[in-house]
$ cat query.txt   # compact mmCIF, C-alpha atoms and all ligand atoms
# COMPACT_ATOMS: atom_id res chain seq x y z
CA MET S 1 0.13 -15.77 30.99
CA THR S 2 -2.56 -14.30 28.73
CA HIS S 3 -6.13 -15.47 28.36
CA ILE S 4 -6.37 -13.91 24.91
CA LEU S 5 -5.99 -16.06 21.83
CA HIS S 6 -3.68 -13.72 19.96
CA ARG S 7 -3.05 -13.96 16.21
CA SER S 8 0.17 -15.85 16.91
CA ILE S 9 0.54 -17.82 20.08
CA GLY S 10 3.91 -17.39 21.69
CA PRO S 11 5.60 -14.06 21.10
CA ASP S 12 5.24 -11.60 23.94
CA LEU S 13 3.58 -8.51 22.52
CA PRO S 14 4.38 -5.08 23.92
CA ARG S 15 1.35 -3.36 25.48
CA ALA S 16 0.24 -0.22 23.63
CA VAL S 17 -0.69 2.41 26.21
CA SER S 18 -0.92 5.67 24.29
CA GLY S 19 -0.85 7.11 20.83
CA GLU S 20 -0.21 10.56 19.42
CA GLY S 21 0.12 11.49 15.78
CA VAL S 22 2.18 8.83 14.00
CA TRP S 23 3.56 7.43 17.26
CA ILE S 24 2.45 4.64 19.62
CA ALA S 25 4.02 4.23 23.08
CA ASP S 26 4.21 0.96 24.98
CA ALA S 27 4.07 0.30 28.71
CA GLN S 28 7.86 0.62 28.94
CA GLY S 29 7.72 4.08 27.36
CA LYS S 30 9.26 2.90 24.10
CA ARG S 31 7.90 4.76 21.06
CA TYR S 32 7.07 3.15 17.72
CA LEU S 33 6.58 5.03 14.46
CA ASP S 34 3.34 3.71 12.97
CA GLY S 35 4.80 3.17 9.51
CA SER S 36 2.04 0.80 8.43
CA GLY S 37 -0.96 2.52 10.02
CA GLY S 38 -1.43 -0.78 11.89
CA ALA S 39 -2.73 -2.58 8.81
CA ALA S 40 -3.36 0.56 6.70
CA VAL S 41 -5.94 1.78 9.19
CA THR S 42 -4.77 4.84 11.14
CA ALA S 43 -5.35 7.38 8.39
CA LEU S 44 -5.31 10.47 10.59
CA GLY S 45 -2.86 9.14 13.16
CA HIS S 46 -3.58 8.62 16.83
CA GLY S 47 -5.33 10.92 19.29
CA ASN S 48 -7.13 13.19 16.84
CA ALA S 49 -9.04 15.55 19.15
CA GLU S 50 -11.77 16.38 16.63
CA VAL S 51 -12.64 12.73 16.01
CA LEU S 52 -12.64 11.94 19.74
CA ASP S 53 -14.89 14.92 20.34
CA ALA S 54 -17.35 13.81 17.61
CA MET S 55 -17.51 10.37 19.21
CA ARG S 56 -18.05 11.87 22.67
CA ARG S 57 -20.91 14.04 21.42
CA GLN S 58 -22.56 11.03 19.81
CA MET S 59 -22.13 8.95 22.96
CA ASP S 60 -23.75 11.68 25.04
CA ALA S 61 -26.67 11.87 22.62
CA ILE S 62 -27.34 8.19 21.88
CA ALA S 63 -24.88 5.33 21.65
CA TYR S 64 -27.01 2.74 19.84
CA ALA S 65 -30.28 2.58 17.94
CA HIS S 66 -31.18 -0.53 15.94
CA THR S 67 -31.41 0.18 12.21
CA SER S 68 -34.73 -1.62 11.79
CA PHE S 69 -36.30 1.05 14.04
CA PHE S 70 -34.31 4.23 13.45
CA THR S 71 -31.85 6.07 11.32
CA THR S 72 -29.48 8.62 12.91
CA ASP S 73 -27.97 11.96 11.96
CA ALA S 74 -24.51 10.38 12.13
CA ALA S 75 -25.30 7.60 9.65
CA GLU S 76 -27.18 9.94 7.28
CA SER S 77 -24.41 12.52 7.37
CA LEU S 78 -21.71 9.92 6.69
CA ALA S 79 -23.65 8.47 3.75
CA ASP S 80 -24.21 11.96 2.29
CA ARG S 81 -20.54 12.79 2.68
CA LEU S 82 -19.32 9.57 1.04
CA VAL S 83 -21.68 9.94 -1.91
CA GLY S 84 -20.67 13.60 -2.26
CA LEU S 85 -16.99 12.63 -2.44
CA ALA S 86 -17.41 9.64 -4.76
CA PRO S 87 -16.28 10.29 -8.33
CA GLY S 88 -19.65 9.35 -9.79
CA GLY S 89 -22.09 6.52 -10.11
CA LEU S 90 -22.02 5.48 -6.44
CA GLU S 91 -25.14 6.92 -4.92
CA HIS S 92 -26.00 4.76 -1.93
CA VAL S 93 -24.18 3.48 1.13
CA TYR S 94 -24.64 0.37 3.25
CA LEU S 95 -22.81 0.62 6.58
CA VAL S 96 -21.16 -2.38 8.24
CA SER S 97 -18.48 -2.96 10.89
CA GLY S 98 -15.35 -3.79 8.90
CA GLY S 99 -13.73 -4.93 5.67
CA SER S 100 -14.72 -8.60 5.56
CA GLU S 101 -18.30 -7.68 6.40
CA ALA S 102 -18.26 -5.14 3.58
CA VAL S 103 -17.06 -7.78 1.10
CA GLU S 104 -19.68 -10.29 2.28
CA ALA S 105 -22.40 -7.67 1.90
CA ALA S 106 -21.19 -6.67 -1.57
CA LEU S 107 -21.21 -10.30 -2.75
CA LYS S 108 -24.74 -10.81 -1.46
CA MET S 109 -25.89 -7.50 -2.93
CA ALA S 110 -24.52 -8.51 -6.31
CA ARG S 111 -26.26 -11.88 -6.16
CA GLN S 112 -29.56 -10.42 -4.96
CA TYR S 113 -29.41 -7.76 -7.69
CA PHE S 114 -29.60 -10.48 -10.34
CA VAL S 115 -32.39 -12.26 -8.50
CA GLU S 116 -34.33 -8.99 -8.39
CA ILE S 117 -33.92 -8.36 -12.13
CA GLY S 118 -34.90 -11.88 -13.12
CA GLN S 119 -31.49 -13.47 -13.74
CA PRO S 120 -31.33 -15.96 -10.86
CA GLN S 121 -29.13 -18.30 -12.88
CA ARG S 122 -26.13 -16.04 -12.26
CA ARG S 123 -24.02 -17.75 -9.60
CA HIS S 124 -20.27 -17.39 -10.26
CA ILE S 125 -17.86 -14.99 -8.59
CA ILE S 126 -14.52 -14.34 -10.26
CA ALA S 127 -11.60 -12.71 -8.47
CA ARG S 128 -7.82 -12.70 -8.84
CA ARG S 129 -5.06 -14.92 -7.55
CA GLN S 130 -2.78 -13.28 -4.98
CA SER S 131 -5.63 -11.18 -3.64
CA TYR S 132 -7.05 -10.76 -0.16
CA HIS S 133 -10.66 -9.85 0.48
CA GLY S 134 -11.10 -10.82 4.13
CA ASN S 135 -11.22 -13.76 6.47
CA THR S 136 -14.90 -14.68 6.70
CA ILE S 137 -16.00 -17.66 4.64
CA GLY S 138 -17.34 -15.80 1.60
CA ALA S 139 -14.58 -13.19 1.57
CA LEU S 140 -11.91 -15.86 2.07
CA ALA S 141 -13.35 -17.86 -0.82
CA THR S 142 -13.18 -14.74 -2.97
CA GLY S 143 -9.56 -13.99 -2.12
CA GLY S 144 -6.81 -15.85 -3.89
CA ASN S 145 -4.26 -16.23 -1.12
CA GLU S 146 -3.64 -19.96 -1.04
CA TRP S 147 -1.90 -19.90 2.32
CA ARG S 148 -4.90 -18.30 4.00
CA ARG S 149 -7.37 -20.54 2.18
CA ARG S 150 -5.68 -23.94 2.31
CA GLN S 151 -6.99 -25.51 5.53
CA PHE S 152 -10.46 -24.01 5.04
CA GLN S 153 -10.77 -25.05 1.40
CA PRO S 154 -13.26 -27.87 2.06
CA ILE S 155 -15.79 -25.46 3.54
CA LEU S 156 -15.34 -22.58 1.08
CA PRO S 157 -17.94 -21.90 -1.61
CA GLU S 158 -16.63 -22.31 -5.14
CA THR S 159 -15.07 -19.22 -6.72
CA HIS S 160 -12.88 -18.68 -9.77
CA HIS S 161 -9.58 -16.87 -10.09
CA VAL S 162 -7.73 -15.14 -12.90
CA SER S 163 -4.25 -13.61 -12.95
CA PRO S 164 -3.54 -10.47 -10.96
CA CYS S 165 -2.07 -7.43 -12.71
CA TYR S 166 1.50 -7.78 -11.43
CA ALA S 167 3.76 -6.22 -14.02
CA TYR S 168 6.98 -6.65 -12.01
CA ARG S 169 6.71 -10.42 -12.32
CA ASP S 170 4.20 -11.23 -15.02
CA MET S 171 4.60 -8.70 -17.85
CA ALA S 172 6.31 -10.61 -20.64
CA ALA S 173 9.61 -9.47 -22.16
CA GLY S 174 8.88 -7.16 -25.07
CA GLU S 175 5.27 -6.68 -24.00
CA SER S 176 4.09 -3.10 -23.43
CA PRO S 177 2.03 -2.27 -20.32
CA GLU S 178 -1.00 -1.72 -22.59
CA GLU S 179 -0.52 -5.12 -24.24
CA TYR S 180 -0.12 -6.74 -20.83
CA GLY S 181 -3.34 -5.13 -19.54
CA ALA S 182 -5.19 -6.17 -22.70
CA ARG S 183 -3.91 -9.75 -22.31
CA LEU S 184 -5.33 -9.90 -18.79
CA ALA S 185 -8.66 -8.53 -19.99
CA VAL S 186 -8.78 -11.31 -22.60
CA GLU S 187 -8.11 -13.85 -19.82
CA LEU S 188 -11.08 -12.48 -17.88
CA ASP S 189 -13.25 -12.47 -20.99
CA GLU S 190 -12.37 -16.11 -21.72
CA THR S 191 -13.01 -17.12 -18.12
CA ILE S 192 -16.44 -15.50 -18.17
CA ARG S 193 -17.29 -17.23 -21.46
CA ARG S 194 -16.06 -20.57 -20.15
CA LEU S 195 -18.27 -20.30 -17.06
CA GLY S 196 -21.21 -19.13 -19.16
CA ALA S 197 -21.52 -15.40 -19.77
CA ASP S 198 -25.03 -15.26 -18.34
CA GLU S 199 -24.04 -17.21 -15.24
CA VAL S 200 -21.41 -14.87 -13.83
CA ILE S 201 -22.38 -12.43 -11.09
CA ALA S 202 -19.31 -10.29 -10.55
CA PHE S 203 -15.59 -9.72 -10.92
CA VAL S 204 -13.86 -8.59 -7.73
CA ALA S 205 -10.51 -6.78 -7.59
CA GLU S 206 -8.47 -4.41 -5.43
CA PRO S 207 -7.53 -1.27 -7.42
CA VAL S 208 -4.14 -1.36 -5.68
CA VAL S 209 -3.28 -4.77 -4.24
CA GLY S 210 -2.41 -4.55 -0.57
CA ALA S 211 -1.80 -7.46 1.74
CA THR S 212 -0.92 -10.20 -0.72
CA LEU S 213 1.37 -8.33 -3.11
CA GLY S 214 2.45 -5.15 -1.35
CA ALA S 215 1.07 -1.99 -2.97
CA VAL S 216 0.89 -3.22 -6.56
CA THR S 217 -0.81 -0.80 -8.95
CA ALA S 218 -2.33 -1.96 -12.23
CA VAL S 219 -0.80 -0.99 -15.56
CA PRO S 220 -2.50 1.99 -17.27
CA GLY S 221 -5.68 0.97 -19.06
CA TYR S 222 -6.07 -2.37 -17.26
CA PHE S 223 -9.16 -1.36 -15.28
CA ARG S 224 -10.78 0.32 -18.30
CA ALA S 225 -10.31 -2.91 -20.27
CA ILE S 226 -11.70 -4.95 -17.36
CA ARG S 227 -14.73 -2.63 -17.12
CA GLU S 228 -15.42 -3.16 -20.83
CA VAL S 229 -15.27 -6.94 -20.45
CA CYS S 230 -17.69 -6.83 -17.49
CA ASP S 231 -20.08 -4.57 -19.43
CA ARG S 232 -19.95 -6.84 -22.45
CA HIS S 233 -21.32 -9.71 -20.37
CA GLY S 234 -23.51 -7.81 -17.92
CA VAL S 235 -21.15 -8.78 -15.09
CA LEU S 236 -20.90 -6.45 -12.08
CA LEU S 237 -17.54 -4.93 -11.16
CA ILE S 238 -16.85 -4.91 -7.42
CA LEU S 239 -13.80 -2.93 -6.38
CA ASP S 240 -12.40 -3.78 -2.97
CA GLU S 241 -10.99 -0.55 -1.59
CA VAL S 242 -10.93 -1.76 2.01
CA MET S 243 -7.18 -1.20 2.19
CA CYS S 244 -6.35 1.12 -0.70
CA GLY S 245 -9.38 3.43 -0.43
CA MET S 246 -10.26 6.39 1.79
CA GLY S 247 -7.34 8.57 0.83
CA ARG S 248 -4.58 5.99 1.08
CA THR S 249 -3.38 6.43 -2.50
CA GLY S 250 -3.72 10.23 -2.62
CA THR S 251 -7.36 10.47 -3.70
CA ILE S 252 -10.34 9.67 -1.50
CA PHE S 253 -11.25 6.70 -3.71
CA ALA S 254 -8.45 4.67 -5.29
CA HIS S 255 -10.44 4.02 -8.46
CA GLU S 256 -10.65 7.76 -9.19
CA GLN S 257 -7.19 7.34 -10.67
CA GLU S 258 -8.32 4.56 -13.00
CA GLY S 259 -11.08 6.51 -14.72
CA ILE S 260 -13.78 3.89 -14.32
CA ALA S 261 -17.13 3.65 -12.55
CA PRO S 262 -17.56 0.40 -10.57
CA ASP S 263 -20.95 -1.02 -9.62
CA LEU S 264 -20.02 -1.68 -6.00
CA VAL S 265 -17.12 -0.50 -3.87
CA THR S 266 -16.13 -1.80 -0.44
CA ILE S 267 -14.38 0.49 2.03
CA ALA S 268 -13.27 0.09 5.67
CA LYS S 269 -9.92 0.58 7.48
CA GLY S 270 -9.21 4.27 6.74
CA LEU S 271 -12.95 5.00 6.89
CA GLY S 272 -12.89 4.80 10.67
CA GLY S 273 -9.19 5.55 10.86
CA GLY S 274 -8.95 3.12 13.77
CA TYR S 275 -11.23 5.22 15.97
CA GLN S 276 -14.13 2.83 15.43
CA PRO S 277 -14.61 -0.47 13.60
CA ILE S 278 -16.60 0.46 10.51
CA GLY S 279 -16.87 -0.45 6.84
CA ALA S 280 -19.27 0.25 4.01
CA VAL S 281 -20.46 -0.86 0.63
CA MET S 282 -21.18 1.89 -1.86
CA LEU S 283 -23.53 0.95 -4.65
CA SER S 284 -24.82 2.37 -7.88
CA ASP S 285 -28.35 3.67 -8.25
CA ARG S 286 -29.08 0.84 -10.70
CA ILE S 287 -28.54 -1.75 -7.95
CA TYR S 288 -30.41 0.31 -5.37
CA ARG S 289 -33.41 0.71 -7.70
CA ALA S 290 -33.54 -3.03 -8.38
CA PHE S 291 -34.00 -3.56 -4.64
CA ALA S 292 -36.38 -0.63 -4.20
CA GLU S 293 -38.58 -1.62 -7.12
CA GLY S 294 -38.26 -5.35 -6.40
CA SER S 295 -38.49 -7.00 -3.00
CA GLY S 296 -38.05 -3.69 -1.19
CA LEU S 297 -35.24 -4.92 1.02
CA PHE S 298 -31.64 -6.07 0.96
CA GLN S 299 -31.88 -9.47 2.59
CA HIS S 300 -28.91 -9.13 4.88
CA GLY S 301 -28.02 -7.33 8.10
CA HIS S 302 -25.95 -7.47 11.25
CA THR S 303 -26.87 -6.10 14.66
CA TYR S 304 -24.30 -3.31 14.53
CA ILE S 305 -24.79 -1.98 11.00
CA GLY S 306 -24.93 1.80 10.99
CA HIS S 307 -23.69 2.03 14.58
CA PRO S 308 -24.07 5.70 15.58
CA ILE S 309 -20.71 6.12 17.34
CA ALA S 310 -18.87 4.39 14.51
CA ALA S 311 -20.73 6.52 11.96
CA ALA S 312 -20.00 9.73 13.90
CA ALA S 313 -16.30 8.87 14.09
CA ALA S 314 -16.12 7.98 10.39
CA ASP S 315 -18.05 11.08 9.39
CA LYS S 316 -15.45 13.25 11.13
CA VAL S 317 -12.52 11.18 9.83
CA VAL S 318 -13.72 11.54 6.24
CA GLU S 319 -14.50 15.24 6.70
CA ILE S 320 -10.94 15.81 7.92
CA MET S 321 -9.28 13.76 5.20
CA ALA S 322 -11.21 15.65 2.52
CA ARG S 323 -10.02 19.05 3.74
CA PRO S 324 -7.71 21.03 1.47
CA GLY S 325 -4.11 19.95 1.90
CA MET S 326 -4.64 16.43 3.26
CA MET S 327 -4.59 14.50 -0.03
CA GLU S 328 -1.77 16.79 -1.20
CA ASN S 329 0.22 15.71 1.86
CA VAL S 330 -0.48 12.05 1.05
CA GLN S 331 0.85 12.61 -2.47
CA ALA S 332 3.88 14.65 -1.41
CA MET S 333 4.87 12.39 1.50
CA GLY S 334 4.24 9.38 -0.71
CA GLU S 335 6.76 10.73 -3.23
CA ARG S 336 9.22 11.47 -0.44
CA LEU S 337 8.80 7.95 0.91
CA GLN S 338 9.29 6.44 -2.55
CA SER S 339 12.46 8.43 -3.28
CA GLY S 340 13.79 7.88 0.24
CA LEU S 341 13.32 4.13 -0.13
CA GLU S 342 14.93 4.19 -3.56
CA SER S 343 18.02 6.02 -2.36
CA ARG S 344 18.39 3.92 0.78
CA LEU S 345 17.44 0.49 -0.62
CA GLY S 346 17.35 0.83 -4.40
CA GLN S 347 20.74 -0.83 -4.89
CA HIS S 348 20.36 -3.48 -2.19
CA PRO S 349 20.96 -6.92 -3.75
CA ASN S 350 17.77 -8.31 -2.17
CA VAL S 351 15.44 -5.46 -3.06
CA GLY S 352 13.65 -6.29 -6.29
CA ASP S 353 11.02 -3.57 -6.54
CA ILE S 354 9.92 -0.42 -4.71
CA ARG S 355 6.44 0.67 -5.73
CA GLY S 356 3.04 2.02 -4.82
CA ARG S 357 0.91 5.13 -4.87
CA GLY S 358 0.37 7.85 -2.29
CA LEU S 359 1.14 6.67 1.24
CA PHE S 360 0.74 3.05 0.17
CA ARG S 361 4.17 1.65 -0.69
CA GLY S 362 5.70 -1.79 -1.00
CA VAL S 363 9.23 -3.13 -1.07
CA GLU S 364 9.55 -6.55 -2.69
CA LEU S 365 12.43 -8.65 -1.44
CA VAL S 366 14.15 -11.27 -3.60
CA ALA S 367 17.03 -13.72 -3.43
CA ASP S 368 18.41 -12.32 -6.67
CA ARG S 369 17.55 -9.02 -8.35
CA ASP S 370 18.27 -10.08 -11.91
CA SER S 371 16.36 -13.33 -11.99
CA LYS S 372 13.77 -12.01 -9.46
CA THR S 373 14.07 -15.35 -7.70
CA PRO S 374 11.92 -15.15 -4.56
CA LEU S 375 13.47 -15.68 -1.15
CA ASP S 376 13.17 -19.16 0.31
CA PRO S 377 9.97 -19.03 2.40
CA ALA S 378 11.59 -21.29 4.99
CA LEU S 379 13.87 -18.36 5.88
CA LYS S 380 10.82 -16.43 7.15
CA THR S 381 12.52 -13.20 6.12
CA HIS S 382 9.38 -11.12 6.51
CA ALA S 383 8.94 -12.20 10.13
CA LYS S 384 12.58 -11.41 10.91
CA ILE S 385 12.26 -7.95 9.37
CA LYS S 386 9.17 -7.22 11.43
CA LYS S 387 11.05 -8.19 14.60
CA GLU S 388 14.08 -6.06 13.72
CA ALA S 389 11.84 -3.10 12.83
CA MET S 390 9.92 -3.33 16.12
CA ALA S 391 13.22 -3.48 18.00
CA ARG S 392 14.13 -0.20 16.27
CA GLY S 393 10.75 1.42 17.05
CA LEU S 394 9.11 0.99 13.66
CA MET S 395 5.84 -0.69 12.74
CA CYS S 396 5.88 -2.00 9.18
CA TYR S 397 3.79 -4.74 7.60
CA PRO S 398 5.98 -7.48 6.13
CA MET S 399 4.29 -10.39 4.39
CA GLY S 400 5.71 -13.27 2.64
CA GLY S 401 6.55 -16.70 1.66
CA THR S 402 6.62 -18.01 -1.83
CA ILE S 403 4.39 -20.93 -1.10
CA ASP S 404 1.28 -21.68 -3.08
CA GLY S 405 0.88 -18.62 -5.16
CA VAL S 406 2.05 -16.00 -2.70
CA ARG S 407 5.17 -15.05 -4.53
CA GLY S 408 7.79 -12.95 -2.89
CA ASP S 409 8.34 -11.47 0.53
CA HIS S 410 7.45 -7.84 0.74
CA VAL S 411 7.13 -5.03 3.26
CA LEU S 412 4.00 -2.88 3.10
CA LEU S 413 4.14 0.71 4.31
CA ALA S 414 1.03 2.78 4.99
CA PRO S 415 1.70 5.57 7.51
CA PRO S 416 -0.93 8.09 8.61
CA TYR S 417 -1.70 10.92 6.16
CA ILE S 418 -0.47 13.54 8.64
CA ILE S 419 3.09 12.22 8.59
CA ALA S 420 5.74 14.97 8.49
CA PRO S 421 8.81 14.95 6.19
CA GLU S 422 11.23 14.23 9.06
CA GLU S 423 9.04 11.30 10.16
CA VAL S 424 9.14 9.87 6.63
CA ASP S 425 12.94 10.04 6.86
CA ILE S 426 12.94 8.23 10.22
CA LEU S 427 10.68 5.55 8.69
CA VAL S 428 13.10 5.05 5.77
CA ASP S 429 16.16 4.93 8.07
CA ARG S 430 14.65 2.44 10.48
CA LEU S 431 13.31 0.21 7.72
CA GLY S 432 16.66 0.33 5.93
CA ASP S 433 18.41 -0.69 9.16
CA ALA S 434 15.92 -3.50 9.80
CA ILE S 435 16.24 -4.93 6.28
CA GLU S 436 20.03 -4.68 6.38
CA ALA S 437 20.07 -6.46 9.73
CA VAL S 438 18.36 -9.44 8.10
CA LEU S 439 19.62 -9.43 4.50
N1 LIG O 1 -10.32 -6.47 1.69
C1 LIG O 1 -9.05 -6.05 1.62
C2 LIG O 1 -8.52 -5.53 0.32
C3 LIG O 1 -8.24 -6.05 2.75
O1 LIG O 1 -6.96 -5.66 2.67
C4 LIG O 1 -8.78 -6.53 3.98
C5 LIG O 1 -7.96 -6.57 5.19
O2 LIG O 1 -6.75 -6.47 5.17
C6 LIG O 1 -10.11 -6.96 4.00
C7 LIG O 1 -10.86 -6.92 2.83
C8 LIG O 1 -10.73 -7.48 5.27
O3 LIG O 1 -10.94 -6.42 6.15
P1 LIG O 1 -11.12 -6.68 7.71
O4 LIG O 1 -9.80 -7.16 8.22
O5 LIG O 1 -11.52 -5.31 8.25
O6 LIG O 1 -12.22 -7.67 7.88
$ encode --input "query.txt" --output "structure tokens" --more "lines below"
Ligand code: PLP
Amino acid sequence: MTHILHRSIGPDLPRAVSGEGVWIADAQGKRYLDGSGGAAVTALGHGNAEVLDAMRRQMDAIAYAHTSFFTTDAAESLADRLVGLAPGGLEHVYLVSGGSEAVEAALKMARQYFVEIGQPQRRHIIARRQSYHGNTIGALATGGNEWRRRQFQPILPETHHVSPCYAYRDMAAGESPEEYGARLAVELDETIRRLGADEVIAFVAEPVVGATLGAVTAVPGYFRAIREVCDRHGVLLILDEVMCGMGRTGTIFAHEQEGIAPDLVTIAKGLGGGYQPIGAVMLSDRIYRAFAEGSGLFQHGHTYIGHPIAAAAADKVVEIMARPGMMENVQAMGERLQSGLESRLGQHPNVGDIRGRGLFRGVELVADRDSKTPLDPALKTHAKIKKEAMARGLMCYPMGGTIDGVRGDHVLLAPPYIIAPEEVDILVDRLGDAIEAVL
């Protein structure tokens, strides 16, 4: 009997006792290929000696110093590194302890920015349906996953949602990707106007949608059109790269591949690579200056922001992922994973779409390929696939149910960036076996 309230009460979880590279071993000695990086977290795999050493050195020096009294070399170095790697426009870093915290901080930063510059009437946040931005109250209100929101709805602050960019299901027959992207930008523009153009704070979106859709990239030009709409109305653009950022899609920042400069970006997961809980908000100089020249503070803060051991771990993780060859491996192994999945599952009658970017891939499962009819959520296909995959020594991240706006079961794959070609092939084989055992 356990005293822990686990995510799901009931199933007996294996005990993880060691990890090396892309593998985790349980107490029985069974090995699992970490095909999902946990939840897109373990960017460098398990047991990276350099990261462990950086943490040890920081622990020996000083484990904790409150940020209202001190800064630390670790936090300063991490901030410098992130700004140095950012494609442009993001010049400051606010360190937190995870993804939801990063989203909360970004929302408050966006609101305070308008208070600082004399536009306190701005109060609306717009995001997209079928999105996930975290589980705390503000982040949950921002996300558009109805299943996660439903029972908490009465205590969520009001937010507004527009359509996601989900070409597989929502691009109309005869419509080009450019026309589809432009149509979605018009929807955002109309939503902003309806709410009152000078009353909207920010639009929030994941550059590549992770948990709710399964590695869905936007059509070309979508984010440029969205940026233009935000600029037209003075609305801030917050990109949530908690899952898709930090190298996951083959570039350090996911939005590098969209050719736009956001006002705020949230990062977490791959930032600490699982070695430490850490997240961050990166912000433009314009927002920073509004604070610096205004009240002189960002009115927020948690006890553990800028934690030295977390910062030291993340600084080393990011240094390693930015070394020559690492992003190339993400791109090459991502292509291998995509083509492996296509050859193994591309003709399967219940596989509707195989997609993604870098080592961030999704397989959408359907009842019928031609009509794209989703699987009956009552079948709980995603849960069965997870069980079959674990039995075969594979961690993958199936999500699903077609209830309330979460359309289609899918399996999300996000292995560590150090994965070798033969390990990609094992991942494809085991996933293929698991899916075929269920469907
Ligand atoms: N934002 C996105 C895009 C995410 O995928 C997640 C987690 O999956 C979060 C925010 C929340 O991050 P955390 O679970 O670290 O609080």
$ residues_around --input "query.txt" --residues "His255 in chain S" --least-positions-apart "4" --cutoff "9 Å" --atoms "all atoms listed in the file" --output "ChimeraX atom specification"
/S:87,207-208,223,239,241,245,251,259-262
$ closest_residue --input "query.txt" --among "S:Leu427, S:Ile320, S:Leu297, S:Ile267" --to "ligand LIG 1 (chain O)" --atoms "all atoms listed in the file"
S:Ile267
$ closest_residue --input "query.txt" --among "S:Ala139, S:Ile4, S:Leu52, S:Val41" --to "Leu107 in chain S" --atoms "all atoms listed in the file"
S:Ala139
$ residues_near_ligand --input "query.txt" --ligand "ligand LIG 1 (chain O)" --cutoff "9 Å" --atoms "all atoms listed in the file" --output "PyMOL selection string"
chain S and resi 39-40+97-103+131-136+139+143+205-212+239-244+266-269+277-279
$ residues_around --input "query.txt" --residues "Val351 in chain S" --least-positions-apart "2" --cutoff "10 Å" --atoms "only C-alpha atoms" --output "PyMOL selection string"
chain S and resi 342+345-349+353-354+363-369+372+409-410+435+439
$ write_last_selection --input "query.txt" --atoms "C-alpha atoms" --output "tab-separated table (two decimals), in the frame of the given file"
chain	number	residue	atom	x	y	z
S	342	GLU	CA	14.93	4.19	-3.56
S	345	LEU	CA	17.44	0.49	-0.62
S	346	GLY	CA	17.35	0.83	-4.40
S	347	GLN	CA	20.74	-0.83	-4.89
S	348	HIS	CA	20.36	-3.48	-2.19
S	349	PRO	CA	20.96	-6.92	-3.75
S	353	ASP	CA	11.02	-3.57	-6.54
S	354	ILE	CA	9.92	-0.42	-4.71
S	363	VAL	CA	9.23	-3.13	-1.07
S	364	GLU	CA	9.55	-6.55	-2.69
S	365	LEU	CA	12.43	-8.65	-1.44
S	366	VAL	CA	14.15	-11.27	-3.60
S	367	ALA	CA	17.03	-13.72	-3.43
S	368	ASP	CA	18.41	-12.32	-6.67
S	369	ARG	CA	17.55	-9.02	-8.35
S	372	LYS	CA	13.77	-12.01	-9.46
S	409	ASP	CA	8.34	-11.47	0.53
S	410	HIS	CA	7.45	-7.84	0.74
S	435	ILE	CA	16.24	-4.93	6.28
S	439	LEU	CA	19.62	-9.43	4.50
$ closest_residue --input "query.txt" --among "S:Leu213, S:Ala312, S:Ala43, S:Ala434" --to "Asn145 in chain S" --atoms "only C-alpha atoms"
S:Leu213
$ atom_distance --input "query.txt" --atom1 "CA of Pro416 in chain S" --atom2 "CA of Thr249 in chain S"
11.5 Å
$ closest_atom_pairs --input "query.txt" --of "range 7-61 of chain S" --to "range 375-392 of chain S" --cutoff "12 Å" --atoms "all atoms listed in the file" --output "tab-separated table"
residue	atom	partner	partner_atom	distance
S:Ser8	CA	S:Ala383	CA	11.7
S:Pro11	CA	S:Lys387	CA	10.3
S:Asp12	CA	S:Lys387	CA	11.5
S:Leu13	CA	S:Met390	CA	10.4
S:Pro14	CA	S:Met390	CA	9.7
S:Ile24	CA	S:Met390	CA	11.5
S:Ala25	CA	S:Met390	CA	11.8
S:Asp26	CA	S:Met390	CA	11.4
S:Lys30	CA	S:Ala391	CA	9.7
S:Arg31	CA	S:Arg392	CA	9.3
S:Tyr32	CA	S:Met390	CA	7.3
S:Leu33	CA	S:Met390	CA	9.2
S:Asp34	CA	S:Met390	CA	10.1
S:Gly35	CA	S:Ala389	CA	10.0
S:Ser36	CA	S:Lys386	CA	11.1
$ atom_distance --input "query.txt" --atom1 "CA of Ile155 in chain S" --atom2 "CA of Ile9 in chain S"
24.5 Å
$ closest_atom_pairs --input "query.txt" --of "range 220-319 of chain S" --to "range 57-63 of chain S" --cutoff "12 Å" --atoms "only C-alpha atoms" --output "tab-separated table"
residue	atom	partner	partner_atom	distance
S:Tyr304	CA	S:Ala63	CA	11.2
S:Gly306	CA	S:Ala63	CA	11.2
S:His307	CA	S:Ala63	CA	7.9
S:Pro308	CA	S:Ala63	CA	6.1
S:Ile309	CA	S:Gln58	CA	5.8
S:Ala310	CA	S:Gln58	CA	9.3
S:Ala311	CA	S:Gln58	CA	9.2
S:Ala312	CA	S:Gln58	CA	6.6
S:Ala313	CA	S:Gln58	CA	8.8
S:Ala314	CA	S:Gln58	CA	11.8
S:Asp315	CA	S:Gln58	CA	11.4
S:Lys316	CA	S:Gln58	CA	11.4
$ closest_residue --input "query.txt" --among "S:Val330, S:Leu184, S:Leu264, S:Leu82" --to "Asp170 in chain S" --atoms "only C-alpha atoms"
S:Leu184
$ atom_distance --input "query.txt" --atom1 "CA of Arg194 in chain S" --atom2 "CA of Arg122 in chain S"
13.6 Å
$ residues_around --input "query.txt" --residues "Arg193 in chain S" --least-positions-apart "4" --cutoff "12 Å" --atoms "all atoms listed in the file" --output "list in words"
His124, Ile126, Val186, Glu187, Leu188, Asp189, Ala197, Asp198, Glu199, Val200, Val229, Cys230, Arg232, His233, Gly234 and Val235 of chain S
$ residues_near_point --input "query.txt" --point "(-39.0, -11.6, -10.9)" --cutoff "12 Å" --atoms "all atoms listed in the file" --output "PyMOL selection string"
chain S and resi 112-120+290-291+293-295
